[in-house]
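Shown here: model-v1.cif, mmCIF, C-alpha atoms.
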data_coords
loop_
_atom_site.label_atom_id
_atom_site.label_comp_id
_atom_site.auth_asym_id
_atom_site.auth_seq_id
_atom_site.Cartn_x
_atom_site.Cartn_y
_atom_site.Cartn_z
CA MET U 12 22.94 81.77 140.33
CA LYS U 13 25.49 83.29 142.71
CA ARG U 14 26.47 79.83 143.89
CA ARG U 15 27.10 78.66 140.29
CA LEU U 16 29.17 81.74 139.57
CA TYR U 17 31.14 81.21 142.80
CA LEU U 18 31.80 77.55 141.92
CA ALA U 19 32.88 78.50 138.39
CA VAL U 20 35.36 81.05 139.77
CA VAL U 21 36.70 78.57 142.33
CA PHE U 22 37.05 75.88 139.65
CA ALA U 23 38.91 78.27 137.32
CA PHE U 24 41.23 79.32 140.16
CA VAL U 25 41.98 75.71 141.16
CA SER U 26 42.63 74.82 137.50
CA MET U 27 45.09 77.69 137.17
CA LEU U 28 46.87 76.60 140.35
CA ALA U 29 47.11 73.03 139.07
CA LEU U 30 48.67 74.21 135.80
CA ALA U 31 51.10 76.46 137.65
CA THR U 32 52.24 73.70 139.98
CA GLN U 33 52.84 71.30 137.08
CA ALA U 34 55.40 73.66 135.57
CA GLU U 35 58.63 73.66 137.52
CA VAL U 36 62.16 74.80 136.81
CA VAL U 37 64.90 72.51 138.09
CA TYR U 38 68.11 74.48 138.69
CA THR U 39 71.51 73.01 139.49
CA GLN U 40 74.23 75.38 140.67
CA VAL U 41 77.78 74.28 139.98
CA ASN U 42 81.17 75.96 139.91
CA VAL U 43 83.19 73.86 137.52
CA SER U 44 86.39 74.77 135.72
CA ILE U 45 87.08 72.80 132.53
CA PRO U 46 90.83 72.51 131.89
CA VAL U 47 92.30 72.52 128.40
CA GLY U 48 91.99 68.96 127.19
CA GLY U 49 89.14 68.30 129.62
CA TYR U 50 85.38 68.05 129.45
CA TYR U 51 82.26 68.43 131.58
CA ASN U 52 79.09 66.35 131.31
CA ILE U 53 75.79 68.09 131.97
CA VAL U 54 73.42 65.61 133.61
CA LEU U 55 69.90 67.02 133.81
CA ASN U 56 67.95 64.42 135.77
CA GLN U 57 68.32 61.61 138.26
CA ASN U 58 68.95 58.86 135.70
CA GLY U 59 72.62 59.88 135.51
CA LEU U 60 72.67 60.06 131.71
CA THR U 61 74.69 62.82 130.07
CA ALA U 62 72.54 65.26 128.09
CA PHE U 63 75.38 67.50 126.84
CA THR U 64 79.18 67.47 126.99
CA LEU U 65 81.35 70.61 126.95
CA HIS U 66 84.81 69.78 125.56
CA SER U 67 87.92 72.01 125.69
CA LYS U 68 90.56 70.88 123.17
CA PHE U 69 94.09 71.91 122.21
CA ILE U 70 95.25 70.82 118.77
CA GLN U 71 98.72 71.10 117.26
CA GLY U 72 98.91 70.78 113.52
CA TYR U 73 100.76 71.98 110.47
CA CYS U 74 100.03 74.37 107.64
CA GLN U 75 102.03 75.08 104.48
CA SER U 76 104.41 77.42 106.36
CA GLY U 77 104.93 75.48 109.57
CA ASP U 78 103.30 74.87 112.94
CA GLU U 79 99.70 75.76 113.64
CA TYR U 80 97.82 75.62 116.97
CA SER U 81 94.19 75.77 117.94
CA TRP U 82 92.08 75.87 121.10
CA THR U 83 88.45 74.88 120.66
CA LEU U 84 85.46 74.77 123.00
CA SER U 85 82.52 72.76 121.69
CA VAL U 86 79.25 71.32 122.99
CA ILE U 87 78.19 67.80 122.06
CA PRO U 88 74.49 66.95 122.54
CA ALA U 89 73.50 63.39 123.39
CA ASN U 90 71.31 61.65 120.84
CA GLY U 91 67.98 63.47 120.40
CA ASN U 92 69.16 66.70 122.06
CA ALA U 93 70.22 69.99 120.43
CA VAL U 94 71.57 73.48 121.17
CA VAL U 95 70.41 76.93 120.08
CA ILE U 96 72.38 78.29 117.12
CA ASP U 97 72.54 81.70 115.51
CA THR U 98 69.68 82.01 113.03
CA GLY U 99 71.66 84.63 111.11
CA HIS U 100 74.07 82.01 109.77
CA THR U 101 72.31 79.50 107.52
CA GLY U 102 73.70 76.04 108.07
CA SER U 103 75.69 77.29 111.05
CA ASP U 104 76.98 74.99 113.74
CA TYR U 105 77.95 77.90 116.01
CA ALA U 106 76.26 77.68 119.40
CA SER U 107 74.62 80.98 120.34
CA ALA U 108 75.97 82.90 123.35
CA LEU U 109 72.65 84.15 124.71
CA LEU U 110 72.13 87.05 127.09
CA SER U 111 70.08 86.73 130.27
CA GLY U 112 66.29 86.75 129.87
CA VAL U 113 66.11 85.21 126.37
CA ALA U 114 63.23 82.78 125.85
CA VAL U 115 64.33 79.27 124.87
CA ASN U 116 61.39 77.63 123.10
CA SER U 117 60.26 76.05 119.84
CA GLY U 118 60.82 79.36 118.04
CA GLU U 119 64.61 78.99 118.24
CA SER U 120 66.85 77.24 115.70
CA PHE U 121 68.43 74.10 117.18
CA TYR U 122 71.44 72.10 116.03
CA PRO U 123 71.66 68.39 116.99
CA GLY U 124 75.37 67.83 116.27
CA GLU U 125 78.61 68.98 117.84
CA ALA U 126 78.41 72.78 117.90
CA LEU U 127 81.34 75.18 118.05
CA MET U 128 81.34 77.64 120.95
CA ALA U 129 84.79 79.19 120.55
CA ASP U 130 87.92 78.65 118.49
CA LEU U 131 91.24 80.48 118.80
CA TYR U 132 93.96 79.58 116.29
CA TRP U 133 97.49 80.87 115.79
CA GLY U 134 100.80 79.93 114.20
CA THR U 135 102.88 80.64 111.13
CA CYS U 136 99.83 80.66 108.85
CA GLY U 137 98.05 83.38 110.81
CA THR U 138 95.80 83.97 113.79
CA GLY U 139 92.05 84.30 114.18
CA THR U 140 88.91 83.38 116.05
CA LEU U 141 85.63 81.61 115.33
CA GLY U 142 82.39 81.20 117.26
CA GLU U 143 80.45 83.48 119.60
CA TRP U 144 81.86 82.52 122.99
CA LEU U 145 85.48 83.69 123.07
CA ASN U 146 86.28 85.87 126.11
CA LEU U 147 82.69 86.28 127.24
CA PRO U 148 81.69 86.38 130.91
CA ALA U 149 78.52 84.55 131.90
CA ARG U 150 76.52 83.88 128.76
CA TYR U 151 73.87 81.21 128.29
CA LEU U 152 73.78 78.11 126.14
CA GLY U 153 70.15 77.37 125.23
CA PHE U 154 69.14 73.79 124.58
CA GLN U 155 66.34 71.30 124.08
CA PHE U 156 66.40 67.69 125.21
CA GLN U 157 64.21 64.63 125.22
CA GLY U 158 62.94 63.94 128.73
CA SER U 159 62.19 60.55 130.21
CA ASP U 160 58.59 61.20 129.12
CA GLY U 161 59.80 61.17 125.49
CA GLN U 162 58.84 64.80 125.00
CA THR U 163 60.87 67.94 124.29
CA HIS U 164 61.97 70.10 127.23
CA TYR U 165 63.93 73.38 127.18
CA GLY U 166 66.81 74.57 129.32
CA TRP U 167 70.04 76.56 129.58
CA ALA U 168 73.59 76.38 130.93
CA GLU U 169 75.61 79.39 132.13
CA VAL U 170 79.17 79.34 130.77
CA SER U 171 82.09 81.78 130.78
CA THR U 172 85.22 81.57 128.62
CA SER U 173 88.61 83.23 128.44
CA ALA U 174 91.42 82.36 126.03
CA TYR U 175 94.47 84.14 124.67
CA VAL U 176 98.08 83.49 123.66
CA ASP U 177 100.56 85.14 126.04
CA GLN U 178 103.80 86.95 125.14
CA HIS U 179 105.68 83.64 125.18
CA GLY U 180 103.32 82.03 122.69
CA HIS U 181 101.60 79.87 125.32
CA LEU U 182 97.86 79.34 125.45
CA GLN U 183 96.01 80.66 128.51
CA ALA U 184 92.45 79.31 128.48
CA ASN U 185 89.71 78.96 131.07
CA THR U 186 86.15 77.68 130.80
CA PHE U 187 83.72 77.84 133.73
CA VAL U 188 80.25 76.36 134.11
CA PHE U 189 78.18 78.10 136.78
CA GLY U 190 74.91 76.20 136.56
CA PHE U 191 72.11 74.89 134.38
CA ALA U 192 68.34 74.65 134.49
CA TYR U 193 65.44 73.11 132.63
CA GLU U 194 61.66 73.27 132.57
CA THR U 195 59.93 70.07 133.73
CA SER U 196 56.78 70.81 131.74
CA PRO U 197 57.25 69.55 128.16
CA GLY U 198 57.14 72.21 125.48
CA ARG U 199 57.14 75.06 128.00
CA GLU U 200 59.68 77.81 127.39
CA ILE U 201 62.32 78.85 129.90
CA LEU U 202 64.17 82.14 130.12
CA THR U 203 67.96 82.06 130.25
CA GLY U 204 68.98 82.67 133.85
CA GLN U 205 65.58 81.58 135.19
CA THR U 206 66.03 79.43 138.29
CA SER U 207 62.43 78.98 139.48
CA GLY U 208 58.91 78.79 138.04
CA LEU U 209 57.15 81.97 137.01
#
What does the file become when written as structure tokens?
Amino acid sequence: MKRRLYLAVVFAFVSMLALATQAEVVYTQVNVSIPVGGYYNIVLNQNGLTAFTLHSKFIQGYCQSGDEYSWTLSVIPANGNAVVIDTGHTGSDYASALLSGVAVNSGESFYPGEALMADLYWGTCGTGTLGEWLNLPARYLGFQFQGSDGQTHYGWAEVSTSAYVDQHGHLQANTFVFGFAYETSPGREILTGQTSGL
């Protein structure tokens, strides 16, 4: 009887170890500055395919009173991928600026199209901002993507933004990507800022 109990405990322990070793967080540290008019491709695995693209754009246009200008930071998921959006805005395409320690899992709302992170506009027709990311240090973009196994995986990217119009009317904008991570086990949640398995 003792031997059976011992074997059952050993088997349960080995099973738990096997499950724990299957789950792994892959973290990539980067220190990338995205210039205005530039972009950065987030590549999550060794196949070299882009999973997400961060794009910083400057647009000059016109409104009824004259010139209008806009700086926009957006994230573009590759086909089958999506980013976490604010659940408080129905139909929103605003990417959420998550704090550290937030669980990214199937309980989040995901948007599969180009999502707005930040928008600063100014000119003769007025000034304003849109999105959640303007002038925020080190927030997290949560995402889901289709792995090479064809299943859904979760991850995050750490991004910081700064943008303003100086006293001469010139745009001063910076976007930095500090790193990104994903969970190798399909369907398993990851916490924003998590760089290793739990």
- the PyMOL selection byres ((chain U and resi 76) around 7) resolved against shown file, as a PyMOL selection string: chain U and resi 74-75+77+135-136
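Here atom CA of U:Gly112 and atom CA of U:Glu200 stand 11.4 Å from one another.
Put simply, atom CA of U:Ser207 is 23.8 Å away from atom CA of U:Tyr51.
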Hey, which bits of stretch 90-200 of chain U sit within 12 Å of stretch 67-71 of chain U, and for each residue what's the closest pair of atoms and how far apart in Å (one decimal), counting only C-alpha atoms, rows by chain and increasing number, as JSON lines?
{"residue": "U:Leu127", "atom": "CA", "partner": "U:Ser67", "partner_atom": "CA", "distance": 10.6}
{"residue": "U:Met128", "atom": "CA", "partner": "U:Ser67", "partner_atom": "CA", "distance": 9.9}
{"residue": "U:Ala129", "atom": "CA", "partner": "U:Ser67", "partner_atom": "CA", "distance": 9.4}
{"residue": "U:Asp130", "atom": "CA", "partner": "U:Lys68", "partner_atom": "CA", "distance": 9.4}
{"residue": "U:Leu131", "atom": "CA", "partner": "U:Phe69", "partner_atom": "CA", "distance": 9.7}
{"residue": "U:Tyr132", "atom": "CA", "partner": "U:Ile70", "partner_atom": "CA", "distance": 9.2}
{"residue": "U:Trp133", "atom": "CA", "partner": "U:Gln71", "partner_atom": "CA", "distance": 10.0}
{"residue": "U:Gly134", "atom": "CA", "partner": "U:Gln71", "partner_atom": "CA", "distance": 9.6}
{"residue": "U:Thr172", "atom": "CA", "partner": "U:Ser67", "partner_atom": "CA", "distance": 10.4}
{"residue": "U:Ser173", "atom": "CA", "partner": "U:Ser67", "partner_atom": "CA", "distance": 11.6}
{"residue": "U:Ala174", "atom": "CA", "partner": "U:Ser67", "partner_atom": "CA", "distance": 10.9}
{"residue": "U:His181", "atom": "CA", "partner": "U:Phe69", "partner_atom": "CA", "distance": 11.4}
{"residue": "U:Leu182", "atom": "CA", "partner": "U:Phe69", "partner_atom": "CA", "distance": 8.9}
{"residue": "U:Gln183", "atom": "CA", "partner": "U:Phe69", "partner_atom": "CA", "distance": 11.0}
{"residue": "U:Ala184", "atom": "CA", "partner": "U:Ser67", "partner_atom": "CA", "distance": 9.0}
{"residue": "U:Asn185", "atom": "CA", "partner": "U:Ser67", "partner_atom": "CA", "distance": 9.0}
{"residue": "U:Thr186", "atom": "CA", "partner": "U:Ser67", "partner_atom": "CA", "distance": 7.8}
{"residue": "U:Phe187", "atom": "CA", "partner": "U:Ser67", "partner_atom": "CA", "distance": 10.8}
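Our summary of the geometry notes that atom CA of U:Phe63 is positioned 5.7 Å from atom CA of U:Ala89.
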- Selection result of the PyMOL selection byres ((chain U and resi 198) around 8) on this file, as a ChimeraX atom specification: /U:116-117,162-165,196-197,199-200
Prev. selection, C-alpha atoms, output as a PDB file, keeping the file's coordinate frame:
ATOM      1  CA  ASN U 116      61.390  77.630 123.100  1.00  0.00           C
ATOM      2  CA  SER U 117      60.260  76.050 119.840  1.00  0.00           C
ATOM      3  CA  GLN U 162      58.840  64.800 125.000  1.00  0.00           C
ATOM      4  CA  THR U 163      60.870  67.940 124.290  1.00  0.00           C
ATOM      5  CA  HIS U 164      61.970  70.100 127.230  1.00  0.00           C
ATOM      6  CA  TYR U 165      63.930  73.380 127.180  1.00  0.00           C
ATOM      7  CA  SER U 196      56.780  70.810 131.740  1.00  0.00           C
ATOM      8  CA  PRO U 197      57.250  69.550 128.160  1.00  0.00           C
ATOM      9  CA  ARG U 199      57.140  75.060 128.000  1.00  0.00           C
ATOM     10  CA  GLU U 200      59.680  77.810 127.390  1.00  0.00           C
TER      11      GLU U 200
END
- Task: Go through U:Thr61, U:Ala93, U:Trp82, U:Pro88 one by one, measure the shortest atom-to-atom distance of each to U:Pro46 using all atoms listed in the file, and give the residue with the smallest value.
- Result: U:Trp82
Excluding U:Gly153 and its own-chain neighbours fewer than 3 positions away, which residues fall within 10 Å of it when counting only C-alpha atoms? Please give them as a PDB file with C-alpha atoms, keeping the file's coordinate frame.
ATOM      1  CA  ALA U  93      70.220  69.990 120.430  1.00  0.00           C
ATOM      2  CA  VAL U  94      71.570  73.480 121.170  1.00  0.00           C
ATOM      3  CA  VAL U  95      70.410  76.930 120.080  1.00  0.00           C
ATOM      4  CA  ILE U  96      72.380  78.290 117.120  1.00  0.00           C
ATOM      5  CA  ALA U 106      76.260  77.680 119.400  1.00  0.00           C
ATOM      6  CA  SER U 107      74.620  80.980 120.340  1.00  0.00           C
ATOM      7  CA  ALA U 108      75.970  82.900 123.350  1.00  0.00           C
ATOM      8  CA  LEU U 109      72.650  84.150 124.710  1.00  0.00           C
ATOM      9  CA  VAL U 113      66.110  85.210 126.370  1.00  0.00           C
ATOM     10  CA  ALA U 114      63.230  82.780 125.850  1.00  0.00           C
ATOM     11  CA  VAL U 115      64.330  79.270 124.870  1.00  0.00           C
ATOM     12  CA  ASN U 116      61.390  77.630 123.100  1.00  0.00           C
ATOM     13  CA  GLU U 119      64.610  78.990 118.240  1.00  0.00           C
ATOM     14  CA  PHE U 121      68.430  74.100 117.180  1.00  0.00           C
ATOM     15  CA  ARG U 150      76.520  83.880 128.760  1.00  0.00           C
ATOM     16  CA  TYR U 165      63.930  73.380 127.180  1.00  0.00           C
ATOM     17  CA  GLY U 166      66.810  74.570 129.320  1.00  0.00           C
ATOM     18  CA  TRP U 167      70.040  76.560 129.580  1.00  0.00           C
ATOM     19  CA  ALA U 168      73.590  76.380 130.930  1.00  0.00           C
ATOM     20  CA  GLU U 169      75.610  79.390 132.130  1.00  0.00           C
ATOM     21  CA  PHE U 191      72.110  74.890 134.380  1.00  0.00           C
ATOM     22  CA  ALA U 192      68.340  74.650 134.490  1.00  0.00           C
ATOM     23  CA  TYR U 193      65.440  73.110 132.630  1.00  0.00           C
ATOM     24  CA  ILE U 201      62.320  78.850 129.900  1.00  0.00           C
ATOM     25  CA  LEU U 202      64.170  82.140 130.120  1.00  0.00           C
ATOM     26  CA  THR U 203      67.960  82.060 130.250  1.00  0.00           C
TER      27      THR U 203
END
- With all atoms listed in the file as the atoms that count, which of U:Glu194, U:Leu84, U:Asp78, U:Asp160 lies nearest to U:Tyr50?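 For U:Tyr50, the nearest of the given residues is U:Leu84.
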- Message: With distances taken over only C-alpha atoms, which residue among U:Ser111, U:Asn90, U:Thr140, U:Gln178 lies nearest U:Phe156?
- Response: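 For U:Phe156, the nearest of the given residues is U:Asn90.
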- Message: So, with all atoms listed in the file as the atoms that count, which of U:Ile87, U:Trp144, U:Asp177, U:Val188 lies closest to U:Glu125?
- Response: U:Ile87
- Taking into account only C-alpha atoms, which residue in the set U:Gly48, U:Gly118, U:Pro123, U:Gly204 is nearest to U:Gly190?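 Counting only C-alpha atoms, the residue closest to U:Gly190 is U:Gly204.
Residue nearest U:Asn56 within the list U:Thr138, U:Thr39, U:Thr206, U:Thr83: U:Thr39 [criterion: smallest interatomic distance, all atoms listed in the file].
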